[in-house]
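J.: So that we are looking at the same thing, I have put the structure below in C-alpha coordinates.
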Amino acid sequence: MDIISLLQLIVASSLVYSAPLVLTALGGTFSERSGIVNVGLEGIMVIGAFSSIVFNLTFAGVFGDWTPWIAALVGGLIGVIFSLIHAVATVNLRADHIISGTVINLMAPALAIFFTRVLYNGAGQTDRITESFGKVTVPLLNRIPIIGDIFFKGTSAPAFAGILVAVICWVVLFKTRFGLRLRSVGEHPQAADTLGINVYLMKYAGVMLSGLLGGMGGAIQAQSISLSFSASTIAGQGFIAMAAMIFGKWNPLGAMGAAIFFGFAQSLGVIGSYIPIIQDIPSVWLQIAPYAITIIVLVGVIGKSEGPAAGGKTYIKSK
(Lines give C-alpha, C1' and ligand atoms only; values in the text may rest on other atoms or scores of the structure.)
Protein backbone atom coordinates (compact mmCIF):
# COMPACT_ATOMS: atom_id res chain seq x y z
CA MET A 1 0.00 0.00 0.00
CA ASP A 2 1.47 3.38 -1.04
CA ILE A 3 1.64 6.32 1.36
CA ILE A 4 -1.35 8.16 -0.17
CA SER A 5 -3.59 5.10 0.10
CA LEU A 6 -2.43 4.55 3.69
CA LEU A 7 -3.16 8.16 4.68
CA GLN A 8 -6.56 7.96 2.96
CA LEU A 9 -7.39 4.82 4.96
CA ILE A 10 -6.31 6.42 8.25
CA VAL A 11 -8.20 9.67 7.65
CA ALA A 12 -11.38 7.99 6.40
CA SER A 13 -11.50 5.52 9.30
CA SER A 14 -10.72 8.20 11.87
CA LEU A 15 -13.54 10.39 10.57
CA VAL A 16 -16.04 7.52 10.59
CA TYR A 17 -15.31 6.73 14.23
CA SER A 18 -15.05 10.37 15.32
CA ALA A 19 -18.43 11.57 13.96
CA PRO A 20 -20.55 10.10 16.84
CA LEU A 21 -18.03 11.37 19.40
CA VAL A 22 -18.00 14.90 17.94
CA LEU A 23 -21.78 15.31 18.18
CA THR A 24 -22.06 13.74 21.63
CA ALA A 25 -19.17 15.81 23.01
CA LEU A 26 -20.85 18.96 21.66
CA GLY A 27 -24.07 17.96 23.41
CA GLY A 28 -22.22 17.43 26.67
CA THR A 29 -20.62 20.86 26.28
CA PHE A 30 -24.00 22.58 26.11
CA SER A 31 -25.28 20.71 29.17
CA GLU A 32 -22.22 21.43 31.29
CA ARG A 33 -22.06 25.06 30.17
CA SER A 34 -25.56 25.39 31.64
CA GLY A 35 -24.30 23.95 34.92
CA ILE A 36 -25.81 20.47 34.55
CA VAL A 37 -23.24 17.67 34.60
CA ASN A 38 -24.50 15.01 32.22
CA VAL A 39 -22.82 11.64 32.72
CA GLY A 40 -25.88 10.09 31.04
CA LEU A 41 -24.51 10.71 27.54
CA GLU A 42 -23.83 6.98 27.17
CA GLY A 43 -27.50 6.18 27.84
CA ILE A 44 -28.68 8.94 25.51
CA MET A 45 -26.48 7.51 22.75
CA VAL A 46 -27.96 4.05 23.36
CA ILE A 47 -31.54 5.28 23.03
CA GLY A 48 -30.62 7.32 19.93
CA ALA A 49 -28.96 4.29 18.32
CA PHE A 50 -31.93 2.03 19.07
CA SER A 51 -34.60 4.42 17.82
CA SER A 52 -32.68 5.26 14.63
CA ILE A 53 -32.19 1.60 13.72
CA VAL A 54 -35.87 0.84 14.30
CA PHE A 55 -36.84 3.83 12.13
CA ASN A 56 -34.33 2.84 9.46
CA LEU A 57 -35.59 -0.75 9.28
CA THR A 58 -39.22 0.40 9.18
CA PHE A 59 -39.01 3.25 6.65
CA ALA A 60 -36.01 2.40 4.44
CA GLY A 61 -38.38 1.56 1.60
CA VAL A 62 -40.10 4.94 1.90
CA PHE A 63 -37.20 7.37 2.22
CA GLY A 64 -34.47 5.48 0.34
CA ASP A 65 -31.02 7.09 0.49
CA TRP A 66 -32.26 9.79 2.89
CA THR A 67 -33.25 7.21 5.50
CA PRO A 68 -30.02 7.38 7.61
CA TRP A 69 -30.18 11.19 7.84
CA ILE A 70 -33.86 11.24 8.79
CA ALA A 71 -33.26 8.39 11.24
CA ALA A 72 -30.43 10.42 12.80
CA LEU A 73 -32.88 13.27 13.40
CA VAL A 74 -35.37 10.81 14.89
CA GLY A 75 -32.64 9.49 17.18
CA GLY A 76 -31.89 13.07 18.21
CA LEU A 77 -35.55 13.81 18.98
CA ILE A 78 -35.88 10.65 21.06
CA GLY A 79 -32.66 11.70 22.80
CA VAL A 80 -34.30 15.04 23.66
CA ILE A 81 -37.27 13.27 25.23
CA PHE A 82 -34.99 10.92 27.15
CA SER A 83 -32.78 13.77 28.38
CA LEU A 84 -35.83 15.44 29.93
CA ILE A 85 -35.65 12.77 32.64
CA HIS A 86 -32.24 14.12 33.60
CA ALA A 87 -33.43 17.72 33.36
CA VAL A 88 -36.48 17.18 35.59
CA ALA A 89 -34.45 15.18 38.11
CA THR A 90 -31.62 17.69 38.42
CA VAL A 91 -33.42 21.02 37.92
CA ASN A 92 -36.84 20.47 39.53
CA LEU A 93 -36.31 17.52 41.86
CA ARG A 94 -32.80 18.67 42.88
CA ALA A 95 -31.30 15.23 42.42
CA ASP A 96 -27.57 14.68 42.39
CA HIS A 97 -26.37 15.10 38.81
CA ILE A 98 -24.08 12.05 38.87
CA ILE A 99 -26.75 9.75 40.29
CA SER A 100 -29.35 10.93 37.79
CA GLY A 101 -26.97 10.41 34.87
CA THR A 102 -26.00 6.97 36.16
CA VAL A 103 -29.67 5.98 36.32
CA ILE A 104 -30.06 7.00 32.67
CA ASN A 105 -27.02 4.93 31.72
CA LEU A 106 -28.48 1.90 33.49
CA MET A 107 -32.04 2.38 32.25
CA ALA A 108 -31.39 3.03 28.54
CA PRO A 109 -29.73 -0.30 27.60
CA ALA A 110 -32.32 -2.27 29.55
CA LEU A 111 -35.22 -0.48 27.85
CA ALA A 112 -33.64 -0.72 24.40
CA ILE A 113 -32.95 -4.44 24.65
CA PHE A 114 -36.43 -5.06 26.08
CA PHE A 115 -38.12 -3.29 23.16
CA THR A 116 -35.77 -5.00 20.71
CA ARG A 117 -36.96 -8.38 21.96
CA VAL A 118 -40.59 -7.22 21.79
CA LEU A 119 -40.32 -5.82 18.25
CA TYR A 120 -38.10 -8.50 16.70
CA ASN A 121 -39.57 -11.79 17.91
CA GLY A 122 -37.45 -12.21 21.01
CA ALA A 123 -34.12 -11.62 19.27
CA GLY A 124 -31.35 -9.90 21.21
CA GLN A 125 -30.46 -7.66 18.30
CA THR A 126 -32.17 -6.09 15.33
CA ASP A 127 -31.73 -7.00 11.67
CA ARG A 128 -28.97 -5.25 9.70
CA ILE A 129 -30.03 -2.08 7.95
CA THR A 130 -29.80 -1.81 4.18
CA GLU A 131 -29.59 2.00 4.04
CA SER A 132 -26.45 3.13 5.88
CA PHE A 133 -24.31 6.26 5.71
CA GLY A 134 -21.57 4.42 3.85
CA LYS A 135 -18.73 6.39 2.33
CA VAL A 136 -18.93 9.32 -0.05
CA THR A 137 -16.64 11.20 -2.41
CA VAL A 138 -16.93 15.00 -2.31
CA PRO A 139 -17.36 16.39 -5.84
CA LEU A 140 -14.79 18.94 -7.06
CA LEU A 141 -12.78 18.81 -3.81
CA ASN A 142 -11.71 15.27 -4.64
CA ARG A 143 -9.81 16.69 -7.63
CA ILE A 144 -7.36 18.65 -5.44
CA PRO A 145 -3.96 16.97 -5.85
CA ILE A 146 -2.97 14.73 -2.90
CA ILE A 147 -5.34 16.49 -0.42
CA GLY A 148 -8.37 15.47 -2.47
CA ASP A 149 -7.27 11.84 -2.45
CA ILE A 150 -6.62 11.84 1.30
CA PHE A 151 -9.54 13.85 2.67
CA PHE A 152 -12.35 13.81 0.12
CA LYS A 153 -12.44 10.32 -1.40
CA GLY A 154 -14.27 7.45 0.31
CA THR A 155 -14.84 9.57 3.38
CA SER A 156 -17.59 10.02 5.98
CA ALA A 157 -20.35 12.56 5.30
CA PRO A 158 -21.55 12.57 8.96
CA ALA A 159 -18.03 13.53 10.05
CA PHE A 160 -18.02 16.64 7.86
CA ALA A 161 -21.53 17.41 9.09
CA GLY A 162 -20.24 17.07 12.65
CA ILE A 163 -17.38 19.50 11.95
CA LEU A 164 -19.88 21.99 10.52
CA VAL A 165 -22.13 21.55 13.56
CA ALA A 166 -19.13 22.16 15.84
CA VAL A 167 -18.45 25.50 14.14
CA ILE A 168 -22.14 26.44 14.46
CA CYS A 169 -22.12 25.43 18.13
CA TRP A 170 -19.05 27.63 18.75
CA VAL A 171 -20.83 30.59 17.17
CA VAL A 172 -24.01 29.91 19.18
CA LEU A 173 -22.11 29.51 22.44
CA PHE A 174 -19.73 32.46 22.16
CA LYS A 175 -21.30 34.92 19.71
CA THR A 176 -25.03 34.92 20.48
CA ARG A 177 -27.21 36.19 23.32
CA PHE A 178 -28.46 32.64 23.95
CA GLY A 179 -24.90 31.40 24.37
CA LEU A 180 -23.98 34.24 26.72
CA ARG A 181 -27.02 33.51 28.89
CA LEU A 182 -26.30 29.77 28.90
CA ARG A 183 -22.71 30.34 29.99
CA SER A 184 -23.73 32.86 32.64
CA VAL A 185 -26.14 30.31 34.13
CA GLY A 186 -23.34 27.77 34.31
CA GLU A 187 -20.92 30.20 35.92
CA HIS A 188 -23.07 32.20 38.35
CA PRO A 189 -26.79 31.37 38.29
CA GLN A 190 -27.67 33.78 41.12
CA ALA A 191 -26.20 36.72 39.21
CA ALA A 192 -27.92 35.59 36.03
CA ASP A 193 -31.21 35.38 37.88
CA THR A 194 -30.90 38.95 39.17
CA LEU A 195 -30.46 40.09 35.55
CA GLY A 196 -33.79 38.56 34.61
CA ILE A 197 -32.49 35.39 32.97
CA ASN A 198 -34.72 32.36 33.44
CA VAL A 199 -32.13 30.03 34.97
CA TYR A 200 -34.28 26.92 34.96
CA LEU A 201 -35.25 27.43 31.32
CA MET A 202 -31.62 27.83 30.26
CA LYS A 203 -30.63 24.68 32.15
CA TYR A 204 -33.43 22.78 30.42
CA ALA A 205 -32.19 24.11 27.07
CA GLY A 206 -28.65 22.93 27.77
CA VAL A 207 -29.75 19.43 28.77
CA MET A 208 -32.17 19.12 25.84
CA LEU A 209 -29.43 20.13 23.40
CA SER A 210 -27.24 17.42 24.91
CA GLY A 211 -30.10 14.98 24.29
CA LEU A 212 -30.48 16.10 20.69
CA LEU A 213 -26.79 15.90 19.81
CA GLY A 214 -26.14 12.79 21.93
CA GLY A 215 -29.07 10.97 20.34
CA MET A 216 -27.82 11.90 16.89
CA GLY A 217 -24.35 10.70 17.89
CA GLY A 218 -25.75 7.32 18.86
CA ALA A 219 -27.75 7.17 15.63
CA ILE A 220 -24.66 7.83 13.52
CA GLN A 221 -22.67 5.23 15.47
CA ALA A 222 -25.39 2.64 14.77
CA GLN A 223 -25.89 3.52 11.11
CA SER A 224 -22.27 3.96 10.04
CA ILE A 225 -20.37 1.37 12.11
CA SER A 226 -22.48 -1.40 13.66
CA LEU A 227 -25.35 -1.28 11.09
CA SER A 228 -27.71 -2.90 13.61
CA PHE A 229 -28.62 -2.50 17.26
CA SER A 230 -27.55 -4.78 20.08
CA ALA A 231 -26.27 -4.43 23.62
CA SER A 232 -22.76 -3.80 22.27
CA THR A 233 -23.61 -1.09 19.71
CA ILE A 234 -22.75 1.65 22.20
CA ALA A 235 -19.86 0.45 24.37
CA GLY A 236 -18.24 3.34 26.15
CA GLN A 237 -18.52 5.94 23.37
CA GLY A 238 -20.56 8.24 25.62
CA PHE A 239 -17.82 8.26 28.23
CA ILE A 240 -15.14 8.81 25.58
CA ALA A 241 -17.18 11.78 24.33
CA MET A 242 -17.20 13.15 27.87
CA ALA A 243 -13.42 12.82 27.95
CA ALA A 244 -13.26 14.68 24.63
CA MET A 245 -15.42 17.43 26.12
CA ILE A 246 -13.08 17.81 29.10
CA PHE A 247 -9.96 17.50 26.92
CA GLY A 248 -11.43 20.23 24.72
CA LYS A 249 -12.00 22.45 27.78
CA TRP A 250 -15.76 22.75 27.23
CA ASN A 251 -15.16 24.57 23.95
CA PRO A 252 -17.01 23.19 20.87
CA LEU A 253 -13.96 23.43 18.62
CA GLY A 254 -11.69 21.94 21.27
CA ALA A 255 -14.16 19.11 21.88
CA MET A 256 -14.33 18.46 18.14
CA GLY A 257 -10.55 18.22 17.85
CA ALA A 258 -10.34 15.90 20.83
CA ALA A 259 -13.17 13.74 19.46
CA ILE A 260 -11.33 13.34 16.15
CA PHE A 261 -8.24 12.26 18.10
CA PHE A 262 -10.27 9.68 20.03
CA GLY A 263 -11.89 8.59 16.76
CA PHE A 264 -8.43 7.88 15.39
CA ALA A 265 -7.66 5.87 18.53
CA GLN A 266 -10.86 3.85 18.06
CA SER A 267 -10.08 3.15 14.43
CA LEU A 268 -6.71 1.61 15.29
CA GLY A 269 -8.41 -1.66 16.19
CA VAL A 270 -9.65 -1.91 12.59
CA ILE A 271 -6.82 -0.43 10.51
CA GLY A 272 -3.87 -1.13 12.80
CA SER A 273 -2.74 -4.10 10.73
CA TYR A 274 -2.22 -1.80 7.71
CA ILE A 275 0.01 0.73 9.53
CA PRO A 276 3.67 -0.38 9.34
CA ILE A 277 4.74 1.07 12.72
CA ILE A 278 2.07 -0.72 14.78
CA GLN A 279 1.04 -3.64 12.57
CA ASP A 280 2.87 -6.16 14.76
CA ILE A 281 1.07 -5.08 17.93
CA PRO A 282 -1.55 -7.71 18.93
CA SER A 283 -5.03 -6.56 17.90
CA VAL A 284 -6.36 -6.85 21.46
CA TRP A 285 -4.03 -4.03 22.54
CA LEU A 286 -5.22 -1.86 19.66
CA GLN A 287 -8.84 -2.54 20.60
CA ILE A 288 -8.33 -1.37 24.17
CA ALA A 289 -6.19 1.57 23.05
CA PRO A 290 -9.02 4.15 22.98
CA TYR A 291 -10.09 3.29 26.52
CA ALA A 292 -6.52 3.35 27.81
CA ILE A 293 -5.88 6.66 26.03
CA THR A 294 -9.10 8.04 27.54
CA ILE A 295 -7.91 7.18 31.05
CA ILE A 296 -4.45 8.62 30.39
CA VAL A 297 -5.91 11.83 29.00
CA LEU A 298 -8.31 12.25 31.90
CA VAL A 299 -5.55 11.60 34.46
CA GLY A 300 -3.31 14.10 32.69
CA VAL A 301 -5.87 16.77 31.97
CA ILE A 302 -8.40 16.66 34.75
CA GLY A 303 -7.36 19.04 37.49
CA LYS A 304 -5.74 21.32 34.92
CA SER A 305 -8.99 22.03 33.08
CA GLU A 306 -11.55 24.12 34.88
CA GLY A 307 -15.18 23.54 33.98
CA PRO A 308 -18.08 25.94 34.54
CA ALA A 309 -17.97 27.27 38.12
CA ALA A 310 -21.52 26.17 38.96
CA GLY A 311 -21.29 22.80 37.18
CA GLY A 312 -22.95 20.01 39.16
CA LYS A 313 -24.43 22.37 41.73
CA THR A 314 -28.18 22.45 42.23
CA TYR A 315 -29.60 25.94 41.84
CA ILE A 316 -32.44 26.93 44.14
CA LYS A 317 -34.19 30.14 43.24
CA SER A 318 -34.32 32.51 46.21
CA LYS A 319 -37.56 34.21 47.05
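Residue numbering restarts at 1 in every chain; chains get A, B, ... in the order shown in the C-alpha coordinates, and ligands count up from 1 in that same order.
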Check which residues of stretch 16-48 of chain A sit at most 7 Å from stretch 67-79 of chain A using only C-alpha atoms, and return one row each with the closest pair of atoms and their distance in Å to one decimal, ordered by chain and rising number, as JSON lines.
T.:
```
{"residue": "A:Ile44", "atom": "CA", "partner": "A:Gly79", "partner_atom": "CA", "distance": 5.6}
{"residue": "A:Ile47", "atom": "CA", "partner": "A:Gly79", "partner_atom": "CA", "distance": 6.5}
{"residue": "A:Gly48", "atom": "CA", "partner": "A:Gly75", "partner_atom": "CA", "distance": 4.0}
```
J.: Skip A:Lys203 itself and residues of its chain fewer than 3 positions away, then list as a ChimeraX atom specification all residues within 9 Å of it, counting only C-alpha atoms.
T.: /A:31,33-36,87,91,182,185-186,198-200,206-208
J.: Work out how far apart atom CA of A:Leu164 and atom CA of A:Gly43 are and give it in Å to one decimal.
T.: 24.7 Å
J.: Which residue, A:Ile316, A:Ala192, A:Met256, A:Leu26, has the smallest gap to A:Leu212 when you use only C-alpha atoms?
T.: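 Using only C-alpha atoms, the shortest distance to A:Leu212 belongs to A:Leu26.
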J.: In terms of the shortest atom-to-atom distance over only C-alpha atoms, which of A:Ile225, A:Val172, A:Arg143, A:Pro252 is closest to A:Ser267?
T.: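 Ranked by minimum distance to A:Ser267, first place goes to A:Ile225.
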J.: If you count only C-alpha atoms, which residues fall within 10 Å of stretch 279-293 of chain A, apart from same-chain ones fewer than 6 positions away, as a list in words?
T.: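 Non-adjacent residues within range: Gly236, Gln237, Phe239, Ile240, Ala243, Phe261, Phe262, Gly263, Phe264, Ala265, Gln266, Ser267, Leu268, Gly269, Val270, Ile271, Gly272, Ser273 and Val299 of chain A.
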J.: Please provide as a list in words all residues within 10 Å of A:Pro20, with the sequence filter that same-chain residues fewer than 5 positions apart are discarded (counting only C-alpha atoms).
T.: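 What passes the distance filter is Leu15, Ala25, Met45, Pro158, Ala159, Gly162, Leu213, Gly214, Gly215, Met216, Gly217, Gly218, Ala219, Ile220, Gln221, Ala222, Ser224, Ile225, Gln237, Gly238, Ala241, Ala259, Ile260 and Gly263 of chain A.
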J.: Return the single residue from A:Ser156, A:Thr126, A:Thr90, A:Ser83 that is closest to A:Tyr17, with distances computed using only C-alpha atoms.
T.: A:Ser156
